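One structure is given below, encoded as C-alpha cells.
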There are 4 protein chains.
Amino acid sequence: MALAQRLREVRRRSVALVAPLEPEDLCLQGMADASPPKWHLGHTSWFFETFVLKPAIAAQLLGDYEPAPERWGFLFNSYYDALGARHPRPERGLLSRPPAADVLAWRQRVDAALERLLTRLECNANDAICQELSALIELGLQHEQQHQELLLMDLLDGFSRNPLEPAYGEAPEQTFQAAVANPEHAWLGHPGGLIEIGHPAGGSGFHFDNEAPRHRVWLEPFALAQTLVSNAEFATFIADGGYQRPELWMSEGWAALQQRGWQRPRYWRDDAEFTLAGRRPRNPQAPVRHVSWFEADAYARWAGARLPNEAEWELLAGELPQAFGVLWQWTASSYRPYPGFVAAAGAIGEYNGKFMSSQMVLRGSAFLTPAGHERSSYRNFFAPASRWMASGVRLARDGAP
Amino acid sequence: MALAQRLREVRRRSVALVAPLEPEDLCLQGMADASPPKWHLGHTSWFFETFVLKPAIAAQLLGDYEPAPERWGFLFNSYYDALGARHPRPERGLLSRPPAADVLAWRQRVDAALERLLTRLECNANDAICQELSALIELGLQHEQQHQELLLMDLLDGFSRNPLEPAYGEAPEQTFQAAVANPEHAWLGHPGGLIEIGHPAGGSGFHFDNEAPRHRVWLEPFALAQTLVSNAEFATFIADGGYQRPELWMSEGWAALQQRGWQRPRYWRDDAEFTLAGRRPRNPQAPVRHVSWFEADAYARWAGARLPNEAEWELLAGELPQAFGVLWQWTASSYRPYPGFVAAAGAIGEYNGKFMSSQMVLRGSAFLTPAGHERSSYRNFFAPASRWMASGVRLARDGAP
Amino acid sequence: MALAQRLREVRRRSVALVAPLEPEDLCLQGMADASPPKWHLGHTSWFFETFVLKPAIAAQLLGDYEPAPERWGFLFNSYYDALGARHPRPERGLLSRPPAADVLAWRQRVDAALERLLTRLECNANDAICQELSALIELGLQHEQQHQELLLMDLLDGFSRNPLEPAYGEAPEQTFQAAVANPEHAWLGHPGGLIEIGHPAGGSGFHFDNEAPRHRVWLEPFALAQTLVSNAEFATFIADGGYQRPELWMSEGWAALQQRGWQRPRYWRDDAEFTLAGRRPRNPQAPVRHVSWFEADAYARWAGARLPNEAEWELLAGELPQAFGVLWQWTASSYRPYPGFVAAAGAIGEYNGKFMSSQMVLRGSAFLTPAGHERSSYRNFFAPASRWMASGVRLARDGAP
Amino acid sequence: MALAQRLREVRRRSVALVAPLEPEDLCLQGMADASPPKWHLGHTSWFFETFVLKPAIAAQLLGDYEPAPERWGFLFNSYYDALGARHPRPERGLLSRPPAADVLAWRQRVDAALERLLTRLECNANDAICQELSALIELGLQHEQQHQELLLMDLLDGFSRNPLEPAYGEAPEQTFQAAVANPEHAWLGHPGGLIEIGHPAGGSGFHFDNEAPRHRVWLEPFALAQTLVSNAEFATFIADGGYQRPELWMSEGWAALQQRGWQRPRYWRDDAEFTLAGRRPRNPQAPVRHVSWFEADAYARWAGARLPNEAEWELLAGELPQAFGVLWQWTASSYRPYPGFVAAAGAIGEYNGKFMSSQMVLRGSAFLTPAGHERSSYRNFFAPASRWMASGVRLARDGAP
C-alpha cells in the first residue's frame, strides 16, 4: 500500500535527521522565528494525532490509541487558533521537557496507530470519512516534509550563533554542491499572452489549498535567466557598493539593512560560508544563498533586471535549469490568494490562508527540501527581510529575447 | 496662465489650512508616522526649492532667489536618500525652531520666485528644460495637495491623543457628512475578461509614475458593492465577535489587534466618533472610517465577500457611487509595480517606487482630499496596520450578478 | 507680609522665564524625562490649586475661586498616585491644548486667589488649618522654584535636539561663567568622628521632609576638593582613555556608555559646548557639567579619589568654595531615607519619599537654581545615568591631609 | 590536607547537582539574568583555569596542563572585562556545544591539575606566589559554591517557564521545610551606639573584598524581628490590597509591578507554590520567598515597620533565629563600598566592586546555599526588582523594645 509505505519512510526520515545531533542540540532555538529539533519532532506527531487520530477515534475507526497528555497539545500546537491557546513560539527553546526520549516514544505510538488505521481504511468512492482521513494523512506527510526542511534551516541558524561553528554533517552540503552545475548565462524567453497557472481542479497529485484554483493570467513578453545568480556575481554587486546605495533598495529594505547591519548574505564569513558542514570555502560558481527578498530585489535592480513573477516562473518551470533542488527562488509576487481561492474548512484552513499579507512568494525547491516534495505550482512564502531559509536569486526581464 | 493660477491657489490653501490652529498645534506630532503642520508647510516649500528653484538657478533661469539656510534642507527633506542625510522623522515634533513666522516667510519667498520663474517660462516643444520645470512645478502642486490631506489626518491623530478632545473646525466634517448619501445596497457586476488599467501613455492630465504604464489584466467575472460599508454594518460585525474571532483575520492582523488592543475603529469612542470637529455622535448610516487593511479584510471575510482588487476598482470607477470624495477604499492588491514600470530618474524617482513592499493599495479619494486631486488611476498606499488615514471599506465578490 | 511678597516674586519669575520663547517652544518635550515649559507653568498652578486652594475652599476660607476644568487635573498632575490617574509623562509634548493663553490666564486666577487667601490668613499658634495652609503655600513656592530649574534644564535638552542649535538667552550662561572663579587645587580636610547632619527639628527656615530628621553619623578622616573638576581636567581623563577603559566604571555605567554611545559629557560638541546661549566655546577652566553619576564616579576612580558622601559634604558645606550656585555635586550616597524618616501625610507624602531607590544624591545648587533656593541640608537626587541636569564633580579622599 | 579535601568535595558537589537532570536541561536558560547548568559547570572550571592554573604554569609550578581551546575562554568568561571580549550573557542558552561530555571531561582535567598543583604547594610565610595561589584556590571554591546556588535558582526559573512544571528533586525542598520552625513573633532589641561591622583585617576565615574593611557605624536604638515574614502574613498583605495600593511602594517598584503584572510572589500558583520539587501546596507557616526588594519594602511599610540595615543585621546575626540557611534577607541598604574599600588588584578586582550601583544588599544565606558557605559579614546583592533568588523578609523597627 503506497500511503503506508510513504508514511513509514517520511516519518523515519525525521528521526534519522536528528541522529547526528548532541542531546542539547535538540532544544536549540536560535531565534523567535526558528524552532528546536525536538519541537519539530513533537509538532509533526501532534499534527497527525490532532488531525487524523482524534477524528478517527471520534469516527470509531481507532479505539486503541491513547493521546498524549492534554498539555502537550498546548506545547506542540504551532499556530492553529481554532485549537485554542498555545505555548508562545519564542519560548520553544525553554521546553527542556518533555525529554527527547518521551517525544520519540510518542512518535512511535503515533506511527503504530497510523499504521493500524491505514490497515482499516479501505476507501470506496462513497466513504467520505475514509477519503478525508486518507487526505489528511497525506497532508500530514507533506507537512512533515516541510518540517524536515525547517528543522535543518533552523538548526543552521542556531549553530551559526555558536562561536565554535559546529557542523551538522556533510550530506546536505554534498547535495548542494552536486547540484551546482554552471549553466550558460542565457535567457529563456516567452512571448506572453493569456496563460494559466495553479493546480488544476481534479488534477493528480497532492497540492496545498493556496495553489488553487487554476486560473488565467495575462503576461507580457518576458525572459527568465537560465541560471541562478552566483556568489561571484553577488560579490561584484557588493564590490560595486550594493549595500551602500539606497537607490537600489526598497525603503523598507534599506531600513532593515541599516537596523540589522547587513553587509553581505547572512552566512558569508570572510572568504568562507557557514554551512551545515561548518565553515567552508565559498565556491564562486555556486549560487548565492540565504539572501532576503530585499537583497534579491536590490541585486536585480542593480543588474538592470527584475525578479520573475509567479506566473512567469510557473509557466517556464518545466524548461528551467535549477528550477528545483538547488535553492528556492524569490519572486516579485506578494503572497496573496489566487482569484477564487477558498481556504480549507476548520482548523486546517489556517494552514496557508491566514499568512497572505506582507510576505513574498518563493518558487521551486532547495537542497534542503526532501526529495519528491517539489512541484511547479508550489507556493512557498516568507517575510521579505527573512534570510535563514535556503533562498536564491533568479533574474527576469521584460521582452522576449 | 493656468499653471500660475493653480500655483497661487494650491499654495494659498496650505496656509489657509493652518489658520484655525493655536501656535503650539503647529509643532504637534502625535506619532512617528505623522508630521507637525509646520513641517508640512516647510517640506512643501523645500520640495519646490529643491526640485524647481535650484535647477532653475542652475539653468540660469532664475538669478534672484536666495535659498533657505543649508541646514533647513536637512530638516525638511522627507525621505530622499539621493539628497543626503536628513532629520529623523520621529523627531519632527521637536523642531520648535525655525518658528512658524520664519517658515511662512520662506513660503512667500518661494512663491514669489516660482511666480517670477513662471513668467519667464514660455515653453516651446523643443525646450526640454522648460518642459521639465513645468512638469516639476505640476508635480510640486500634486505633492502639496497630498500634504494638505496628510496635514489634516496627522492633526486628527495628534488631537486624538489629547484628553481635551480639541476641535480643528467644521469644514472637513461637513464635507464628509454631505457626501454620505445612503445608496441602495446593490452590486455592480462585470463579466471580466482582458481589460486595461493604468494611465495611458500620452494621455492628458497629470499622473504619478506608479500609475503607468497602462497594461492588460485578465479578470474573472466580479461585482463591486455600490456603497461603502456603514458604521451600522461595522457595528454588527463587532457585535458578532469580529474582534474576538481569529479565523476572520490574517495572522499578522490578529497579532496587531492583540498587541495594540484593537476593539473597534480607531476613532470610535462610546457612541461617538472623534473627528476634526471634535467628539461627534456617530451616524450609523455614514461609512465606517479609519480602519486598517486588516480590519477591512476581516470585515469582508465575515461578510462572505472580499475586497476589490485594483483592476476591478479602476475598471468600474466611473460608474461607482462614492468612488471619490468620501473615503479611500482599501483594495486586495499589494502595492507593487505595474508590468514595465520605470521610476522617474534622479531623486524624484524615490517619490513612489521605493515603497513597493509590505503595503496595500487604496483607491478613490477622501473627504480630506483637495478637490480636483482625484483620479481613477490614482494608487494610494499604506501599511496594512495603519488606521489614521481616511480609509473605508467597499466590498467585492466573485461572479457577475 | 513676607509670604505674600515672596509669592508674587516667585510666581512672576516663572512667567518671566518663558518670555524669550517662541510659541512652539512652549510645547517642546525633548524626551520622556523632561516636560514642556507650558506644562511646568500649568503643573505649578495645579499644585497650588490642589494643595492650597481646594483645602481652603473646603475649610470655607475661600469661596470665590472657580477651579480649572476637572480634566486639567488629569493633565497637570505629575506623579501623585493618591490623586488618581494622570496623563502619561512621555506624552506631555502632545498637549498643544490648552493653549498657552489659557494656562497663563489660569495662573492669574490662581495667583489672585492665593493673594485673597493670604489676606485672610492671620495665624495664631492654635490655628492648625491656618498654619497648615501657610506651610503648604511655602511648599508650593519651593516646588515652583524647583520647576523653574527643571524648566530650564528641560529646555536645554529639547533645544539640544534641534540641528539649528537654538539659543534661549544669555542670562543663565552669564551666571555660570561669573561663578567660575578658579580656586586653587587644594583639599579641605576633616578628622571625622561622630557628627550630625540633617535639618534640625524646630530649626528655622524651610526644609523638605527628606532632609530630616537630624541624626548622628560616624565619619572617618577625609578631605574634600576645594574646587570642582574642570573641563580641562575632564579632557585629560578622556584623552587617557576614560571612556574606553571598563575598569574605571561601574558595570551598569559601562553598559549605559556602550548602549548610548557616550564618549564625552552630554553637551560637548567638538571644542564647544551646547548651552542655553547656544553653541559656545568651551572654557577649559570652567567646571565640567552635565555628566552622569557614572561619569563622575569613573572620573574619581581614574583620579585616584572618590566622590564625597552626603555627610562629608554637608559637614563642610559652609567652608567649601563653589558649594552653591555653580553646579550640583554628585555624591557617593544612594538616595535613601535618614534614620527615623517619616514621610508627610497624604498625597504630599509622595513628594520625596517614594523615589528612594536606584537614585544617587546630589548636593549644593547650580547656576540654574533660583537665588535663595539653596541649603546645606538640601538633598537633590537623580538616576545615575541621567545627564541633563546641571551636575558637576567634586572629589573626596580618605584621610585628613 | 584540608584544602585538597575541600577542593575535592566542592568540585564533586557541582557535578552531583546536575545528576538528576535530563540532557536538554543542561542548556536551559530561562531568561537573560540566568545561565544554563552546563554553563555554570564550564564557567567554574574556567575560573580555576584562568586564575589558578595559568598563573601556576607561568610561575613554572605546573608544566603538564593543556588549557581548553582558546575560544572556550570567550564562551565561559562571565563578566571580566580585563580578560577581553566574551559571549553575550543572554545567549548562553544557545551554546548547545561544547556538549556536556566535553565540559565534564574538561572539569576532570582541571581537577587533576589542581590536585597536582596542591601537592607541589607547600607554602612558607615568604613564598608569595604560593600564598597567592592558595588564596586563589580558596576564592575559586567560594566562587564555585556561589554558582552551586545560582545553578539551582536559575534552574527553578527555567523550569517555572515550562507548562509541564518539571521537578528537579526533593532535596532542596526538604532542607527548606526542615528549617522552617515557627519561632515566636518577638523582637530582638539593641540600644544602638557606635558599633563595628565588616570582616576584621587579619581575621580568620575567608571573606570577599566587599566585606572589608571593618569600620565603625553609628546606630540608633532598633529591634529586629526574630522570625521571617510567613506566607500567611504575606497573604494578609495581599488581601489588604498590597499590590493595588501605590502609597505602599517605591515609585520605581510600582512601575515594575504594573509593567510586569505582579500580583503575588513570583512562584505562587493558586494555593500552591512552584518549587524545585515541582508544584507543592503552600505552607502558610513557611517564610514567604522569591520576593523582590520592592515587595519586601512595600510589605514592611504596610506592616508599620521597615527593613533592617546592614549594620543592624550583622550586629545581631549571632542571636537571630533563621539568620542562616533559610532565606537571604533583604536589607534597607544600597550595595555600596565600605569606607576605605579597596578592590582586589587585576581582573579579580571585578568580582564585586563594579556592581556597586542600583542594587540592594541581602544578608544571611538560604536553603539553596551550600553548607558552610554562610558568614555574618557576607554581602549578597541583587537589583531591587529581581525575584528569582531565594529571598525573604525580616522586619526591623526604630527604638529598642
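Starting from 1 in every chain, residues are counted up; chains themselves are A, B, ... following the order of the C-alpha cells, and ligands are numbered from 1 as listed.
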Which residues in stretch 225-259 of chain A does DSSP call alpha helix (DSSP H)? List them as a ChimeraX atom specification.
/A:231-239,251-259
Within 9 Å of stretch 69-72 of chain D, counting only C-alpha atoms, which residues show up once you throw out same-chain ones fewer than 5 positions away? Write them as an MDAnalysis selection string, please.
(chainID A and resid 163:164) or (chainID D and resid 42 46 77 98)
Skipping near chain neighbours, those fewer than 5 positions away, what residues fall within 9 Å of C:Pro246 using only C-alpha atoms, listed as JSON, numbers by chain?
{"C": [251, 254], "D": [81, 82]}
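The shortest atom-to-atom distance to chain B, with only C-alpha atoms taken into account, belongs to A:Leu194 out of A:Gly392, A:Asp270, A:Leu194, A:Arg363.
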Between chain D and chain C, at 10 Å or less, what are the per-residue closest atom pairs and their distances in Å? Count only C-alpha atoms, order by chain and rising residue number, and return it as CSV.
residue,atom,partner,partner_atom,distance
D:Tyr79,CA,C:Ser251,CA,8.9
D:Tyr80,CA,C:Glu247,CA,9.3
D:Asp81,CA,C:Pro246,CA,6.5
D:Ala82,CA,C:Glu247,CA,7.2
D:Gly193,CA,C:Arg216,CA,9.7
D:Leu194,CA,C:Trp218,CA,7.7
D:Ile195,CA,C:Trp218,CA,9.8
D:His215,CA,C:Glu220,CA,8.8
D:Arg216,CA,C:Trp218,CA,6.8
D:Val217,CA,C:Trp218,CA,5.7
D:Trp218,CA,C:Trp218,CA,5.6
D:Leu219,CA,C:Arg216,CA,8.2
D:Glu220,CA,C:Pro339,CA,7.7
D:Arg245,CA,C:Asp81,CA,8.9
D:Pro246,CA,C:Asp81,CA,6.5
D:Glu247,CA,C:Ala82,CA,7.2
D:Leu248,CA,C:Lys354,CA,8.7
D:Trp249,CA,C:Lys354,CA,6.8
D:Met250,CA,C:Lys354,CA,4.5
D:Ser251,CA,C:Lys354,CA,5.2
D:Glu252,CA,C:Phe355,CA,7.1
D:Gly253,CA,C:Ser357,CA,8.6
D:Trp254,CA,C:Lys354,CA,9.5
D:Trp293,CA,C:Ser357,CA,10.0
D:Phe294,CA,C:Ser357,CA,9.1
D:Asn309,CA,C:Pro339,CA,9.9
D:Ala332,CA,C:Arg336,CA,8.3
D:Ser333,CA,C:Arg336,CA,8.2
D:Ser334,CA,C:Ser334,CA,6.6
D:Tyr335,CA,C:Ser334,CA,8.8
D:Arg336,CA,C:Ser334,CA,8.1
D:Pro337,CA,C:Ala332,CA,9.3
D:Pro339,CA,C:Glu220,CA,7.7
D:Gly340,CA,C:Asp398,CA,6.9
D:Gly346,CA,C:Glu247,CA,9.2
D:Ala347,CA,C:Glu247,CA,8.7
D:Gly349,CA,C:Glu247,CA,8.8
D:Glu350,CA,C:Glu247,CA,7.7
D:Gly353,CA,C:Met250,CA,7.8
D:Lys354,CA,C:Met250,CA,4.5
D:Phe355,CA,C:Ser251,CA,5.7
D:Met356,CA,C:Met250,CA,6.8
D:Ser357,CA,C:Met250,CA,7.0
D:Ser358,CA,C:Ser358,CA,4.6
D:Gln359,CA,C:Ser358,CA,7.3
D:Met360,CA,C:Ser358,CA,8.9
D:Ala383,CA,C:Ser358,CA,8.9
D:Pro384,CA,C:Ser357,CA,8.2
D:Arg397,CA,C:Gly340,CA,9.4
D:Asp398,CA,C:Gly340,CA,6.9
D:Gly399,CA,C:Gly340,CA,9.4
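Coordinates place atom CA of C:Gly73 at a distance of 25.8 Å from atom CA of B:Gly169.
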Of the residues C:Thr50, C:Leu155, C:Arg97, C:Val103, which is the one nearest to C:Leu136, using only C-alpha atoms?
C:Thr50
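The closest residue to D:Gln263, picked from D:Leu75, D:Ile238, D:Ala186, D:Ala85 and counting only C-alpha atoms, is D:Ile238.
The spacing separating atom CA of A:Asn283 from atom CA of A:Val180 amounts to 9.8 Å.
Using only C-alpha atoms, the contacts of B:Arg92 at a cut-off of 7 Å, with sequence neighbours closer than 2 positions omitted, comprise Ser35, Pro36, Arg89, Pro90, Leu94 and Leu95 of chain B.
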Neighbours of C:Asn380 within 9 Å (only C-alpha atoms; same-chain residues fewer than 2 positions away dropped), as number ranges by chain?
C: 328, 335, 360-365, 378, 382
Emit the selected residues as a short mmCIF file (atom, residue, chain, number, x, y, z; two decimals), in the first residue's frame, including N, CA, C and O atoms.
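Okay, this is what ended up in out14.cif:
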data_model
loop_
_atom_site.label_atom_id
_atom_site.label_comp_id
_atom_site.auth_asym_id
_atom_site.auth_seq_id
_atom_site.Cartn_x
_atom_site.Cartn_y
_atom_site.Cartn_z
N TRP C 328 25.32 71.37 40.81
CA TRP C 328 25.02 70.31 41.77
C TRP C 328 26.18 69.33 41.77
O TRP C 328 26.76 69.05 40.71
N TYR C 335 20.31 57.52 47.37
CA TYR C 335 19.22 58.29 47.96
C TYR C 335 18.32 57.35 48.76
O TYR C 335 17.51 56.62 48.19
N MET C 360 20.90 58.51 43.05
CA MET C 360 22.04 59.00 43.81
C MET C 360 21.79 60.45 44.22
O MET C 360 21.12 61.20 43.51
N VAL C 361 22.37 60.83 45.35
CA VAL C 361 22.15 62.18 45.88
C VAL C 361 23.13 63.18 45.28
O VAL C 361 24.31 62.86 45.09
N LEU C 362 22.62 64.35 44.95
CA LEU C 362 23.47 65.49 44.60
C LEU C 362 23.28 66.56 45.67
O LEU C 362 22.18 66.74 46.20
N ARG C 363 24.34 67.29 45.94
CA ARG C 363 24.29 68.34 46.96
C ARG C 363 24.70 69.68 46.36
O ARG C 363 25.36 69.74 45.32
N GLY C 364 24.29 70.75 47.06
CA GLY C 364 24.65 72.10 46.65
C GLY C 364 23.53 72.76 45.90
O GLY C 364 22.35 72.65 46.26
N SER C 365 23.84 73.48 44.85
CA SER C 365 22.85 74.03 43.93
C SER C 365 23.61 74.44 42.67
O SER C 365 24.83 74.33 42.62
N TYR C 378 20.03 70.33 51.77
CA TYR C 378 19.20 70.01 50.59
C TYR C 378 19.68 68.71 49.93
O TYR C 378 20.87 68.56 49.65
N PHE C 382 18.93 62.08 41.43
CA PHE C 382 18.67 61.67 40.05
C PHE C 382 19.19 60.26 39.84
O PHE C 382 20.07 59.79 40.58
#
